[in-house]
Amino acid sequence: MEPRNNVTEFVLLGLTQSLQGQKVLFVLFLLIYIFTMIGNLLIVVIVVVSPALDAPMYFFLGCLSFMDAAYSTTITPNMIIDLLYEKKTISLQACLTQLFGEHLSGGAEILVLVFMAYDRYVAICKPLHYMTIMNKRVCVVLFLLACVGGFLHAIVQVLFVHNLPFCGPNVIDHFICDMYPLLELACTDTYIIGLSVVANNGGICVVIFMLLLISYGVILHSLKNLSQEGRRKALSTCGSHITVVILFFFPCMFIYVRPPSTLPIDKSLAVFYTVITPMLNPLIYTLRNAEMKNVMKKLWSSKAK
């Protein structure tokens with residue numbers, strides 16, 4: 001007889017059981033979320049309204065910031081609200097919705113990072129054809145492809161979980177709904193599904209990470225053909241991109257490129273790539289990009305007058 005699905009909600013244990021610790025984390029994560037939204041949405045607005053940033057590189061930077069804001073919003077507000085309550089519950093439907101939103105924005109962001117690397121490759125290795133290859137239409141199509149890719153990736157995650165029976169314990173030792181904690185609660189054999197998750201999540205992370213490293217390796221090797229000033233600007237831009245790639249991919253690969261299981265360190269890593277990384281990305285790109293800093297200074301000075 002098939003096990004029946006009689007679980008309608010899950011209990012999240014969160015990051016800590018200490019009430020005092022929850023109050024501290026509430027203030028900390030609220031400030032981080034506010035800073036994350038202001039930083040990322042500010043970049044989106046500046047890229048949209050500033051004629052000086054009318055280049056494919058900044059278009060994709062705006063797309064990345066939009067995805068960071070979306071990614072953070074699928075997770076952080078719920079986590080902040082849960083810190084106010086001793087018992088943290090989430091319905092099965094809300095859990096699947098969060099899982100979908102998390103993998104939609106995360107999957108799309110990975111593809112945006114790929115297209116950013118491609119943009120830098122064309123700009124540095126094929127400069128005479130850059131504006132022909134990376135015209136506005138191509139940039140918009142690539143962004144739409146990133147969204148479609150993220151959607152398909154997210155749908156696969158939801159389908160994996162949606163058909164699982166949950167009939168026993170409903171306590172998730174995490175602060176979000178994620179694949180491995182949910183697989184552990186299913187009252188059926190999840191070995192095959194677990195391997196599929198490793199292939200879908202871990203495999204994608206490893207392949208794309210290696211492609212990005214190879215791409216930036218080719219780009220850096222091509223810098224010898226540029227002037228000293230050109231090398232400096234290219235190194236600054238590529239350095240920002242590589243930093244963001246490492247911050248995003250290392251925690252994801254640690255979690256997903258292994259046999260399906262949960263470890264105590266998973267929650268800390270999840271905090272890093274779901275909460276901290278979206279906050280750091282605007283800082284990394286603005287502090288290392290002279291044009292972005294100049295535009296922000298001009299906007300600030302014009303408002304101050």
# chains A, B, ... in the order shown; residues from 1 in each chain; ligands from 1
$ residues_around --residues "region 140-142 of chain A" --least-positions-apart "4" --cutoff "12 Å" --atoms "only C-alpha atoms" --output "mmCIF file with all heavy atoms, in the first residue's frame"
data_model
loop_
_atom_site.group_PDB
_atom_site.id
_atom_site.type_symbol
_atom_site.label_atom_id
_atom_site.label_comp_id
_atom_site.auth_asym_id
_atom_site.auth_seq_id
_atom_site.Cartn_x
_atom_site.Cartn_y
_atom_site.Cartn_z
ATOM 1 N N PRO A 56 26.511 46.548 -22.621
ATOM 2 C CA PRO A 56 26.072 45.198 -22.242
ATOM 3 C C PRO A 56 26.547 44.760 -20.863
ATOM 4 O O PRO A 56 25.812 44.107 -20.129
ATOM 5 C CB PRO A 56 26.674 44.320 -23.344
ATOM 6 C CG PRO A 56 26.782 45.217 -24.526
ATOM 7 C CD PRO A 56 27.122 46.569 -23.967
ATOM 8 N N PHE A 59 24.246 46.176 -18.395
ATOM 9 C CA PHE A 59 22.929 45.543 -18.515
ATOM 10 C C PHE A 59 22.907 44.249 -17.712
ATOM 11 O O PHE A 59 21.975 43.990 -16.943
ATOM 12 C CB PHE A 59 22.606 45.272 -19.988
ATOM 13 C CG PHE A 59 21.363 44.445 -20.192
ATOM 14 C CD1 PHE A 59 20.111 45.043 -20.159
ATOM 15 C CD2 PHE A 59 21.447 43.077 -20.412
ATOM 16 C CE1 PHE A 59 18.958 44.279 -20.342
ATOM 17 C CE2 PHE A 59 20.304 42.312 -20.596
ATOM 18 C CZ PHE A 59 19.054 42.920 -20.564
ATOM 19 N N PHE A 60 23.940 43.426 -17.887
ATOM 20 C CA PHE A 60 23.993 42.158 -17.156
ATOM 21 C C PHE A 60 24.238 42.377 -15.664
ATOM 22 O O PHE A 60 23.757 41.600 -14.839
ATOM 23 C CB PHE A 60 25.073 41.254 -17.748
ATOM 24 C CG PHE A 60 24.711 40.684 -19.097
ATOM 25 C CD1 PHE A 60 25.467 40.971 -20.217
ATOM 26 C CD2 PHE A 60 23.596 39.874 -19.239
ATOM 27 C CE1 PHE A 60 25.126 40.459 -21.452
ATOM 28 C CE2 PHE A 60 23.242 39.357 -20.479
ATOM 29 C CZ PHE A 60 24.010 39.648 -21.588
ATOM 30 N N GLY A 62 22.968 44.872 -14.019
ATOM 31 C CA GLY A 62 21.622 45.185 -13.544
ATOM 32 C C GLY A 62 20.773 43.932 -13.395
ATOM 33 O O GLY A 62 20.029 43.781 -12.419
ATOM 34 N N CYS A 63 20.901 43.007 -14.357
ATOM 35 C CA CYS A 63 20.172 41.738 -14.285
ATOM 36 C C CYS A 63 20.607 40.927 -13.067
ATOM 37 O O CYS A 63 19.775 40.343 -12.353
ATOM 38 C CB CYS A 63 20.402 40.922 -15.557
ATOM 39 S SG CYS A 63 19.708 41.651 -17.048
ATOM 40 N N ALA A 108 18.588 31.196 -12.504
ATOM 41 C CA ALA A 108 18.723 32.303 -13.455
ATOM 42 C C ALA A 108 19.995 33.095 -13.190
ATOM 43 O O ALA A 108 20.675 33.533 -14.130
ATOM 44 C CB ALA A 108 17.495 33.215 -13.364
ATOM 45 N N GLU A 109 20.341 33.278 -11.914
ATOM 46 C CA GLU A 109 21.548 34.035 -11.570
ATOM 47 C C GLU A 109 22.808 33.327 -12.067
ATOM 48 O O GLU A 109 23.742 33.974 -12.552
ATOM 49 C CB GLU A 109 21.624 34.238 -10.057
ATOM 50 C CG GLU A 109 22.821 35.059 -9.624
ATOM 51 C CD GLU A 109 22.718 35.557 -8.193
ATOM 52 O OE1 GLU A 109 21.591 35.626 -7.664
ATOM 53 O OE2 GLU A 109 23.768 35.873 -7.612
ATOM 54 N N LEU A 111 23.055 31.470 -14.716
ATOM 55 C CA LEU A 111 23.138 31.689 -16.169
ATOM 56 C C LEU A 111 23.528 33.128 -16.489
ATOM 57 O O LEU A 111 24.245 33.370 -17.467
ATOM 58 C CB LEU A 111 21.804 31.324 -16.826
ATOM 59 C CG LEU A 111 21.460 29.832 -16.786
ATOM 60 C CD1 LEU A 111 20.079 29.576 -17.364
ATOM 61 C CD2 LEU A 111 22.506 29.022 -17.542
ATOM 62 N N VAL A 112 23.073 34.090 -15.682
ATOM 63 C CA VAL A 112 23.491 35.484 -15.885
ATOM 64 C C VAL A 112 25.001 35.603 -15.701
ATOM 65 O O VAL A 112 25.685 36.314 -16.461
ATOM 66 C CB VAL A 112 22.744 36.432 -14.918
ATOM 67 C CG1 VAL A 112 23.376 37.821 -14.923
ATOM 68 C CG2 VAL A 112 21.273 36.541 -15.313
ATOM 69 N N LEU A 113 25.557 34.907 -14.715
ATOM 70 C CA LEU A 113 27.008 34.911 -14.513
ATOM 71 C C LEU A 113 27.738 34.329 -15.730
ATOM 72 O O LEU A 113 28.815 34.801 -16.106
ATOM 73 C CB LEU A 113 27.372 34.121 -13.253
ATOM 74 C CG LEU A 113 27.003 34.771 -11.912
ATOM 75 C CD1 LEU A 113 27.205 33.797 -10.764
ATOM 76 C CD2 LEU A 113 27.808 36.040 -11.681
ATOM 77 N N VAL A 114 27.145 33.306 -16.344
ATOM 78 C CA VAL A 114 27.729 32.725 -17.561
ATOM 79 C C VAL A 114 27.730 33.757 -18.685
ATOM 80 O O VAL A 114 28.737 33.934 -19.391
ATOM 81 C CB VAL A 114 26.943 31.469 -17.996
ATOM 82 C CG1 VAL A 114 27.401 30.991 -19.372
ATOM 83 C CG2 VAL A 114 27.112 30.348 -16.973
ATOM 84 N N PHE A 115 26.609 34.466 -18.847
ATOM 85 C CA PHE A 115 26.509 35.456 -19.925
ATOM 86 C C PHE A 115 27.411 36.663 -19.664
ATOM 87 O O PHE A 115 27.913 37.282 -20.597
ATOM 88 C CB PHE A 115 25.058 35.901 -20.105
ATOM 89 C CG PHE A 115 24.131 34.779 -20.515
ATOM 90 C CD1 PHE A 115 22.834 34.716 -20.043
ATOM 91 C CD2 PHE A 115 24.586 33.782 -21.354
ATOM 92 C CE1 PHE A 115 21.993 33.679 -20.417
ATOM 93 C CE2 PHE A 115 23.742 32.728 -21.741
ATOM 94 C CZ PHE A 115 22.444 32.684 -21.266
ATOM 95 N N MET A 116 27.639 36.979 -18.397
ATOM 96 C CA MET A 116 28.581 38.049 -18.065
ATOM 97 C C MET A 116 30.000 37.653 -18.476
ATOM 98 O O MET A 116 30.775 38.480 -18.981
ATOM 99 C CB MET A 116 28.529 38.366 -16.563
ATOM 100 C CG MET A 116 27.241 39.035 -16.126
ATOM 101 S SD MET A 116 27.137 39.291 -14.336
ATOM 102 C CE MET A 116 28.151 40.748 -14.145
ATOM 103 N N TYR A 118 30.713 35.550 -20.893
ATOM 104 C CA TYR A 118 30.717 35.585 -22.360
ATOM 105 C C TYR A 118 30.866 37.018 -22.859
ATOM 106 O O TYR A 118 31.612 37.280 -23.819
ATOM 107 C CB TYR A 118 29.429 34.960 -22.896
ATOM 108 C CG TYR A 118 29.293 35.038 -24.397
ATOM 109 C CD1 TYR A 118 30.140 34.313 -25.232
ATOM 110 C CD2 TYR A 118 28.329 35.849 -24.989
ATOM 111 C CE1 TYR A 118 30.023 34.380 -26.614
ATOM 112 C CE2 TYR A 118 28.205 35.933 -26.361
ATOM 113 C CZ TYR A 118 29.047 35.194 -27.172
ATOM 114 O OH TYR A 118 28.933 35.285 -28.544
ATOM 115 N N ASP A 119 30.180 37.939 -22.197
ATOM 116 C CA ASP A 119 30.276 39.357 -22.565
ATOM 117 C C ASP A 119 31.716 39.856 -22.442
ATOM 118 O O ASP A 119 32.226 40.550 -23.325
ATOM 119 C CB ASP A 119 29.352 40.180 -21.668
ATOM 120 C CG ASP A 119 29.572 41.672 -21.812
ATOM 121 O OD1 ASP A 119 29.234 42.225 -22.867
ATOM 122 O OD2 ASP A 119 30.111 42.283 -20.861
ATOM 123 N N ILE A 133 28.065 41.795 -31.935
ATOM 124 C CA ILE A 133 27.673 40.528 -31.304
ATOM 125 C C ILE A 133 26.778 40.769 -30.096
ATOM 126 O O ILE A 133 25.745 40.112 -29.931
ATOM 127 C CB ILE A 133 28.933 39.728 -30.897
ATOM 128 C CG1 ILE A 133 29.754 39.362 -32.136
ATOM 129 C CG2 ILE A 133 28.548 38.468 -30.125
ATOM 130 C CD1 ILE A 133 31.090 38.711 -31.821
ATOM 131 N N MET A 134 27.171 41.719 -29.236
ATOM 132 C CA MET A 134 26.439 41.955 -27.983
ATOM 133 C C MET A 134 25.528 43.186 -28.118
ATOM 134 O O MET A 134 25.603 44.123 -27.316
ATOM 135 C CB MET A 134 27.429 42.141 -26.829
ATOM 136 C CG MET A 134 28.318 40.947 -26.569
ATOM 137 S SD MET A 134 27.405 39.435 -26.174
ATOM 138 C CE MET A 134 26.625 39.905 -24.640
ATOM 139 N N ASN A 135 24.660 43.180 -29.107
ATOM 140 C CA ASN A 135 23.713 44.295 -29.230
ATOM 141 C C ASN A 135 22.584 44.133 -28.208
ATOM 142 O O ASN A 135 22.481 43.098 -27.525
ATOM 143 C CB ASN A 135 23.166 44.385 -30.661
ATOM 144 C CG ASN A 135 22.486 43.090 -31.095
ATOM 145 O OD1 ASN A 135 21.493 42.681 -30.514
ATOM 146 N ND2 ASN A 135 23.045 42.436 -32.105
ATOM 147 N N LYS A 136 21.725 45.145 -28.125
ATOM 148 C CA LYS A 136 20.686 45.152 -27.087
ATOM 149 C C LYS A 136 19.747 43.964 -27.208
ATOM 150 O O LYS A 136 19.336 43.373 -26.208
ATOM 151 C CB LYS A 136 19.894 46.465 -27.153
ATOM 152 C CG LYS A 136 20.620 47.648 -26.549
ATOM 153 C CD LYS A 136 19.707 48.859 -26.447
ATOM 154 C CE LYS A 136 20.433 50.017 -25.766
ATOM 155 N NZ LYS A 136 19.569 51.206 -25.608
ATOM 156 N N ALA A 146 18.077 33.118 -19.524
ATOM 157 C CA ALA A 146 18.454 32.863 -18.130
ATOM 158 C C ALA A 146 17.206 32.627 -17.278
ATOM 159 O O ALA A 146 17.175 31.712 -16.441
ATOM 160 C CB ALA A 146 19.267 34.033 -17.577
ATOM 161 N N CYS A 147 16.170 33.433 -17.488
ATOM 162 C CA CYS A 147 14.916 33.276 -16.738
ATOM 163 C C CYS A 147 14.241 31.951 -17.065
ATOM 164 O O CYS A 147 13.758 31.254 -16.165
ATOM 165 C CB CYS A 147 13.972 34.440 -17.048
ATOM 166 S SG CYS A 147 14.566 36.036 -16.469
ATOM 167 N N VAL A 148 14.210 31.586 -18.351
ATOM 168 C CA VAL A 148 13.608 30.312 -18.758
ATOM 169 C C VAL A 148 14.396 29.143 -18.176
ATOM 170 O O VAL A 148 13.817 28.166 -17.678
ATOM 171 C CB VAL A 148 13.539 30.211 -20.302
ATOM 172 C CG1 VAL A 148 13.121 28.811 -20.729
ATOM 173 C CG2 VAL A 148 12.572 31.242 -20.857
ATOM 174 N N GLY A 149 15.740 29.242 -18.231
ATOM 175 C CA GLY A 149 16.576 28.189 -17.657
ATOM 176 C C GLY A 149 16.343 28.034 -16.163
ATOM 177 O O GLY A 149 16.240 26.909 -15.653
#
$ closest_atom_pairs --of "region 207-294 of chain A" --to "region 181-203 of chain A" --cutoff "10 Å" --atoms "only C-alpha atoms" --output "JSON lines"
{"residue": "A:Val207", "atom": "CA", "partner": "A:Gly203", "partner_atom": "CA", "distance": 6.1}
{"residue": "A:Ile208", "atom": "CA", "partner": "A:Gly203", "partner_atom": "CA", "distance": 8.5}
{"residue": "A:Phe209", "atom": "CA", "partner": "A:Gly203", "partner_atom": "CA", "distance": 9.8}
{"residue": "A:Phe249", "atom": "CA", "partner": "A:Gly202", "partner_atom": "CA", "distance": 10.0}
{"residue": "A:Cys252", "atom": "CA", "partner": "A:Gly202", "partner_atom": "CA", "distance": 7.6}
{"residue": "A:Met253", "atom": "CA", "partner": "A:Gly202", "partner_atom": "CA", "distance": 5.9}
{"residue": "A:Phe254", "atom": "CA", "partner": "A:Gly202", "partner_atom": "CA", "distance": 8.6}
{"residue": "A:Ile255", "atom": "CA", "partner": "A:Gly202", "partner_atom": "CA", "distance": 8.0}
{"residue": "A:Tyr256", "atom": "CA", "partner": "A:Gly202", "partner_atom": "CA", "distance": 4.6}
{"residue": "A:Val257", "atom": "CA", "partner": "A:Gly202", "partner_atom": "CA", "distance": 4.5}
{"residue": "A:Arg258", "atom": "CA", "partner": "A:Val198", "partner_atom": "CA", "distance": 7.0}
{"residue": "A:Pro259", "atom": "CA", "partner": "A:Val198", "partner_atom": "CA", "distance": 7.2}
{"residue": "A:Pro260", "atom": "CA", "partner": "A:Gly194", "partner_atom": "CA", "distance": 5.5}
{"residue": "A:Ser261", "atom": "CA", "partner": "A:Pro181", "partner_atom": "CA", "distance": 7.7}
{"residue": "A:Thr262", "atom": "CA", "partner": "A:Pro181", "partner_atom": "CA", "distance": 6.6}
{"residue": "A:Leu263", "atom": "CA", "partner": "A:Pro181", "partner_atom": "CA", "distance": 9.9}
$ write_last_selection --atoms "C-alpha atoms" --output "PDB file, in the first residue's frame"
ATOM      1  CA  VAL A 207      30.059  22.071 -15.066  1.00  0.00           C
ATOM      2  CA  ILE A 208      29.198  25.760 -15.116  1.00  0.00           C
ATOM      3  CA  PHE A 209      31.886  26.612 -12.551  1.00  0.00           C
ATOM      4  CA  PHE A 249      29.566  28.492  -6.327  1.00  0.00           C
ATOM      5  CA  CYS A 252      26.564  25.489  -3.489  1.00  0.00           C
ATOM      6  CA  MET A 253      29.052  22.851  -4.645  1.00  0.00           C
ATOM      7  CA  PHE A 254      29.846  21.843  -1.062  1.00  0.00           C
ATOM      8  CA  ILE A 255      26.148  21.268  -0.367  1.00  0.00           C
ATOM      9  CA  TYR A 256      25.073  19.615  -3.613  1.00  0.00           C
ATOM     10  CA  VAL A 257      28.203  17.841  -4.913  1.00  0.00           C
ATOM     11  CA  ARG A 258      28.052  14.978  -2.410  1.00  0.00           C
ATOM     12  CA  PRO A 259      25.759  12.058  -1.578  1.00  0.00           C
ATOM     13  CA  PRO A 260      22.318  13.312  -0.460  1.00  0.00           C
ATOM     14  CA  SER A 261      22.648  14.143   3.227  1.00  0.00           C
ATOM     15  CA  THR A 262      22.497  17.052   5.641  1.00  0.00           C
ATOM     16  CA  LEU A 263      25.407  18.283   7.759  1.00  0.00           C
TER      17      LEU A 263
END
$ select_by_dssp --residues "region 67-275 of chain A" --states "strand (DSSP E or B)" --output "PyMOL selection string"
chain A and resi 88-91+171-172
$ write_last_selection --atoms "N, CA, C and O atoms" --output "PDB file, in the first residue's frame"
ATOM      1  N   LYS A  88       8.277  27.790  14.585  1.00  0.00           N
ATOM      2  CA  LYS A  88       8.319  28.280  13.204  1.00  0.00           C
ATOM      3  C   LYS A  88       7.727  27.218  12.280  1.00  0.00           C
ATOM      4  O   LYS A  88       8.301  26.150  12.123  1.00  0.00           O
ATOM      5  N   THR A  89       6.581  27.517  11.690  1.00  0.00           N
ATOM      6  CA  THR A  89       5.930  26.548  10.820  1.00  0.00           C
ATOM      7  C   THR A  89       5.788  27.118   9.418  1.00  0.00           C
ATOM      8  O   THR A  89       5.738  28.338   9.215  1.00  0.00           O
ATOM      9  N   ILE A  90       5.736  26.217   8.443  1.00  0.00           N
ATOM     10  CA  ILE A  90       5.516  26.596   7.049  1.00  0.00           C
ATOM     11  C   ILE A  90       4.662  25.503   6.414  1.00  0.00           C
ATOM     12  O   ILE A  90       4.911  24.311   6.611  1.00  0.00           O
ATOM     13  N   SER A  91       3.622  25.901   5.694  1.00  0.00           N
ATOM     14  CA  SER A  91       2.744  24.918   5.064  1.00  0.00           C
ATOM     15  C   SER A  91       3.483  24.216   3.931  1.00  0.00           C
ATOM     16  O   SER A  91       4.477  24.725   3.399  1.00  0.00           O
ATOM     17  N   VAL A 171       9.623  17.801  11.120  1.00  0.00           N
ATOM     18  CA  VAL A 171      10.563  18.790  11.660  1.00  0.00           C
ATOM     19  C   VAL A 171      11.772  18.897  10.729  1.00  0.00           C
ATOM     20  O   VAL A 171      12.454  17.894  10.470  1.00  0.00           O
ATOM     21  N   ILE A 172      12.028  20.105  10.210  1.00  0.00           N
ATOM     22  CA  ILE A 172      13.158  20.355   9.323  1.00  0.00           C
ATOM     23  C   ILE A 172      14.230  21.107  10.097  1.00  0.00           C
ATOM     24  O   ILE A 172      13.976  22.213  10.593  1.00  0.00           O
TER      25      ILE A 172
END
$ closest_residue --among "A:Gly14, A:Gly39, A:Pro264, A:Pro251" --to "Asp68 (chain A)" --atoms "only C-alpha atoms"
A:Gly39
$ closest_residue --among "A:Leu96, A:Val11, A:Val138, A:Thr243" --to "Leu283 (chain A)" --atoms "only C-alpha atoms"
A:Thr243
$ residues_around --residues "Ala270 (chain A)" --least-positions-apart "4" --cutoff "10 Å" --atoms "only C-alpha atoms" --output "list in words"
His174, Phe175, Ile176, Asp178, Pro251, Cys252, Ile255, Ile265, Asp266, Thr274, Val275 and Ile276 of chain A
$ write_last_selection --atoms "all heavy atoms" --output "compact mmCIF listing (two decimals), in the first residue's frame"
# COMPACT_ATOMS: atom_id res chain seq x y z
N HIS A 174 16.47 23.22 9.65
CA HIS A 174 16.96 24.25 8.73
C HIS A 174 16.11 25.49 8.92
O HIS A 174 15.13 25.47 9.66
CB HIS A 174 16.88 23.75 7.28
CG HIS A 174 18.01 24.25 6.42
ND1 HIS A 174 18.30 25.59 6.26
CD2 HIS A 174 18.91 23.59 5.65
CE1 HIS A 174 19.33 25.72 5.45
NE2 HIS A 174 19.74 24.52 5.06
N PHE A 175 16.49 26.58 8.23
CA PHE A 175 15.66 27.79 8.29
C PHE A 175 14.91 28.02 6.98
O PHE A 175 14.14 28.97 6.87
CB PHE A 175 16.51 29.02 8.64
CG PHE A 175 17.58 29.34 7.62
CD1 PHE A 175 17.33 30.21 6.57
CD2 PHE A 175 18.84 28.76 7.72
CE1 PHE A 175 18.31 30.49 5.64
CE2 PHE A 175 19.83 29.05 6.80
CZ PHE A 175 19.56 29.91 5.75
N ILE A 176 15.14 27.16 5.98
CA ILE A 176 14.44 27.23 4.70
C ILE A 176 14.04 25.82 4.26
O ILE A 176 14.54 24.83 4.79
CB ILE A 176 15.31 27.87 3.58
CG1 ILE A 176 16.63 27.10 3.41
CG2 ILE A 176 15.55 29.33 3.82
CD1 ILE A 176 17.47 27.56 2.24
N ASP A 178 14.59 23.18 1.69
CA ASP A 178 15.57 22.84 0.65
C ASP A 178 15.49 21.35 0.37
O ASP A 178 14.85 20.59 1.12
CB ASP A 178 16.97 23.24 1.08
CG ASP A 178 17.87 23.51 -0.13
OD1 ASP A 178 17.39 23.38 -1.27
OD2 ASP A 178 19.05 23.84 0.07
N PRO A 251 29.96 27.46 -1.84
CA PRO A 251 29.00 26.88 -0.89
C PRO A 251 28.00 25.94 -1.57
O PRO A 251 27.66 24.89 -1.02
CB PRO A 251 28.29 28.11 -0.31
CG PRO A 251 29.20 29.25 -0.56
CD PRO A 251 29.88 28.93 -1.84
N CYS A 252 27.53 26.33 -2.78
CA CYS A 252 26.56 25.49 -3.49
C CYS A 252 27.16 24.13 -3.83
O CYS A 252 26.50 23.09 -3.69
CB CYS A 252 26.10 26.19 -4.77
SG CYS A 252 25.05 27.63 -4.46
N ILE A 255 27.43 21.83 -0.80
CA ILE A 255 26.15 21.27 -0.37
C ILE A 255 25.63 20.21 -1.33
O ILE A 255 25.14 19.16 -0.92
CB ILE A 255 25.11 22.39 -0.17
CG1 ILE A 255 25.47 23.22 1.06
CG2 ILE A 255 23.70 21.84 -0.03
CD1 ILE A 255 24.58 24.41 1.31
N ILE A 265 26.97 22.01 9.21
CA ILE A 265 27.52 23.22 8.60
C ILE A 265 26.65 23.75 7.46
O ILE A 265 26.81 24.90 7.02
CB ILE A 265 28.94 22.96 8.09
CG1 ILE A 265 29.68 24.28 7.82
CG2 ILE A 265 28.92 22.10 6.82
CD1 ILE A 265 31.12 24.11 7.42
N ASP A 266 25.69 22.94 6.99
CA ASP A 266 24.86 23.34 5.85
C ASP A 266 24.10 24.63 6.11
O ASP A 266 23.95 25.47 5.21
CB ASP A 266 23.87 22.23 5.49
CG ASP A 266 24.55 21.05 4.80
OD1 ASP A 266 25.75 21.17 4.48
OD2 ASP A 266 23.89 20.03 4.58
N THR A 274 22.70 32.62 0.66
CA THR A 274 21.35 33.17 0.48
C THR A 274 21.18 34.56 1.07
O THR A 274 20.32 35.32 0.60
CB THR A 274 20.29 32.25 1.13
OG1 THR A 274 20.55 32.15 2.55
CG2 THR A 274 20.31 30.87 0.51
N VAL A 275 21.98 34.90 2.06
CA VAL A 275 21.83 36.19 2.75
C VAL A 275 23.03 37.10 2.55
O VAL A 275 22.87 38.27 2.17
CB VAL A 275 21.59 35.98 4.27
CG1 VAL A 275 21.42 37.31 4.98
CG2 VAL A 275 20.37 35.09 4.50
N ILE A 276 24.23 36.58 2.78
CA ILE A 276 25.44 37.41 2.74
C ILE A 276 25.86 37.75 1.31
O ILE A 276 26.14 38.91 0.99
CB ILE A 276 26.60 36.71 3.49
CG1 ILE A 276 26.18 36.34 4.92
CG2 ILE A 276 27.83 37.62 3.50
CD1 ILE A 276 25.77 37.51 5.78
$ closest_residue --among "A:Val158, A:Leu83, A:Cys205, A:Ile124" --to "Leu15 (chain A)" --atoms "only C-alpha atoms"
A:Leu83
$ residues_around --residues "Gly106 (chain A)" --least-positions-apart "5" --cutoff "9 Å" --atoms "only C-alpha atoms" --output "list of chain:residue names"
A:Met67, A:Asp68, A:Ala70, A:Tyr71, A:Gly101, A:Leu111, A:Gly150, A:Ala154
$ write_last_selection --atoms "N, CA and C atoms" --output "PDB file, in the first residue's frame"
ATOM      1  N   MET A  67      18.326  39.769  -9.872  1.00  0.00           N
ATOM      2  CA  MET A  67      18.219  38.391  -9.422  1.00  0.00           C
ATOM      3  C   MET A  67      18.653  38.237  -7.967  1.00  0.00           C
ATOM      4  N   ASP A  68      19.672  38.993  -7.560  1.00  0.00           N
ATOM      5  CA  ASP A  68      20.092  38.963  -6.153  1.00  0.00           C
ATOM      6  C   ASP A  68      18.973  39.437  -5.233  1.00  0.00           C
ATOM      7  N   ALA A  70      15.749  39.367  -5.919  1.00  0.00           N
ATOM      8  CA  ALA A  70      14.689  38.356  -5.954  1.00  0.00           C
ATOM      9  C   ALA A  70      15.069  37.145  -5.107  1.00  0.00           C
ATOM     10  N   TYR A  71      16.315  36.715  -5.229  1.00  0.00           N
ATOM     11  CA  TYR A  71      16.802  35.548  -4.482  1.00  0.00           C
ATOM     12  C   TYR A  71      16.718  35.791  -2.984  1.00  0.00           C
ATOM     13  N   GLY A 101      10.833  29.427  -5.857  1.00  0.00           N
ATOM     14  CA  GLY A 101      11.402  30.774  -5.980  1.00  0.00           C
ATOM     15  C   GLY A 101      12.901  30.791  -5.769  1.00  0.00           C
ATOM     16  N   LEU A 111      23.055  31.470 -14.716  1.00  0.00           N
ATOM     17  CA  LEU A 111      23.138  31.689 -16.169  1.00  0.00           C
ATOM     18  C   LEU A 111      23.528  33.128 -16.489  1.00  0.00           C
ATOM     19  N   GLY A 150      16.248  29.162 -15.451  1.00  0.00           N
ATOM     20  CA  GLY A 150      15.956  29.117 -14.022  1.00  0.00           C
ATOM     21  C   GLY A 150      14.593  28.517 -13.737  1.00  0.00           C
ATOM     22  N   ALA A 154      13.864  25.142 -11.631  1.00  0.00           N
ATOM     23  CA  ALA A 154      13.008  25.191 -10.440  1.00  0.00           C
ATOM     24  C   ALA A 154      11.848  24.208 -10.538  1.00  0.00           C
TER      25      ALA A 154
END
$ atom_distance --atom1 "CA of Val44 (chain A)" --atom2 "CA of Ala69 (chain A)"
9.9 Å
$ residues_around --residues "Leu84 (chain A)" --least-positions-apart "6" --cutoff "12 Å" --atoms "only C-alpha atoms" --output "ChimeraX atom specification"
/A:14,17-27,30,77-78
$ closest_residue --among "A:Leu269, A:Ala117, A:Ser50, A:Ile246" --to "Ile214 (chain A)" --atoms "only C-alpha atoms"
A:Ala117
$ residues_around --residues "Asn289 (chain A)" --least-positions-apart "5" --cutoff "10 Å" --atoms "only C-alpha atoms" --output "mmCIF file with C-alpha atoms, in the first residue's frame"
data_model
loop_
_atom_site.group_PDB
_atom_site.id
_atom_site.type_symbol
_atom_site.label_atom_id
_atom_site.label_comp_id
_atom_site.auth_asym_id
_atom_site.auth_seq_id
_atom_site.Cartn_x
_atom_site.Cartn_y
_atom_site.Cartn_z
ATOM 1 C CA LYS A 233 40.434 47.922 -16.384
ATOM 2 C CA SER A 236 39.438 45.035 -12.267
ATOM 3 C CA THR A 237 36.232 43.951 -14.019
ATOM 4 C CA SER A 240 34.916 41.396 -9.560
ATOM 5 C CA LEU A 283 29.741 46.292 -2.888
ATOM 6 C CA ILE A 284 32.096 44.141 -4.975
ATOM 7 C CA ASN A 294 31.501 58.044 -10.981
#
$ atom_distance --atom1 "CA of Thr76 (chain A)" --atom2 "CA of Tyr33 (chain A)"
6.8 Å
